[in-house]
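Novice: Let me begin by handing over the structure; questions about it come next.
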Amino acid sequence: MSLKNDINMVKEELNSEEKFFEKAVITERFVKKYKYKMIVAVVVVIVLVGANIAYDLNKQSKVTSANEALTTLNIDSTNSEALLTLKNVSPNLYDVWIYSNAVANEDFITLKEIKNSSAFMLGDLASYELAQNNKDVKSLNEYSSKQDAIYKDLALVQSAIILLSESKIDEAHEILEKVPLQSSFAKIASALLHYGVK
């Protein structure tokens, strides 16, 4: 009986080895068949990971360089090297720096140049600064007529105040009525509407 058990055990071992070799042959065929595709896939993954790491390092380097240039400009606003670095590394931050200096120094020529900046909201802010500086009703009305103007309601109120000071009460009232009721300037507009009523 033990001989029969031994023969069965040997058969089972041979079957399991046979299955193992069969799977090894199948795997070898698969690898041979798709060898180049697998190598290309591994290379592509390595290249993508490497490119992503390089991009992140470059981006971080630009941020660090822009911060250093901005810190230098805060200490010495006449540092032309830091200004050039900021312009090359971060054009939008450069525009913001130029805008803030132009507003602080009332440099309206620079504000006119910055009106076309691609930096978020900067063109709108420069347009408002120019319009309110001119104290010109036409400029303020042109600004407030823009759909996405940030200081739209403020420009309307300023325009009305200029008209009221020129005793053009009816025109001022027409402009003040354009201020929406939900605006934070609605109370001021309402108070000004009562100014000069005959």
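Residue numbering restarts at 1 for every chain of the structure tokens, chains are lettered A, B, ... in their displayed order, and ligands are numbered from 1 as they appear.
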Just want the 9 Å neighbourhood of A:Gln158, counted on only C-alpha atoms, with same-chain residues fewer than 3 positions away dropped. Output as a list in words.
Specialist: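 Final neighbour list, sorted by chain and number: Gln132, Lys135, Val137, Leu140, Asp153, Leu154, Ala155, Ile161, Ile162 and Leu163 of chain A.
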Novice: So, with only C-alpha atoms as the atoms that count, which of A:Leu130, A:Pro180, A:Gly123, A:Asp56 lies closest to A:Asp148?
Specialist: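 Ranking A:Leu130, A:Pro180, A:Gly123, A:Asp56 by distance to A:Asp148, first place goes to A:Gly123.
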Novice: Just how far from atom CA of A:Ala126 is atom CA of A:Leu111, in Å to one decimal?
Specialist: 5.5 Å
Novice: Determine, counting only C-alpha atoms, which protein, DNA and RNA residues have an atom within 9 Å of an atom of stretch 69-73 of chain A; residues of the same chain fewer than 4 positions away are not included. Present the result as a VMD selection string.
Specialist: chain A and resid 64 to 65 77 to 86 93 to 94 97
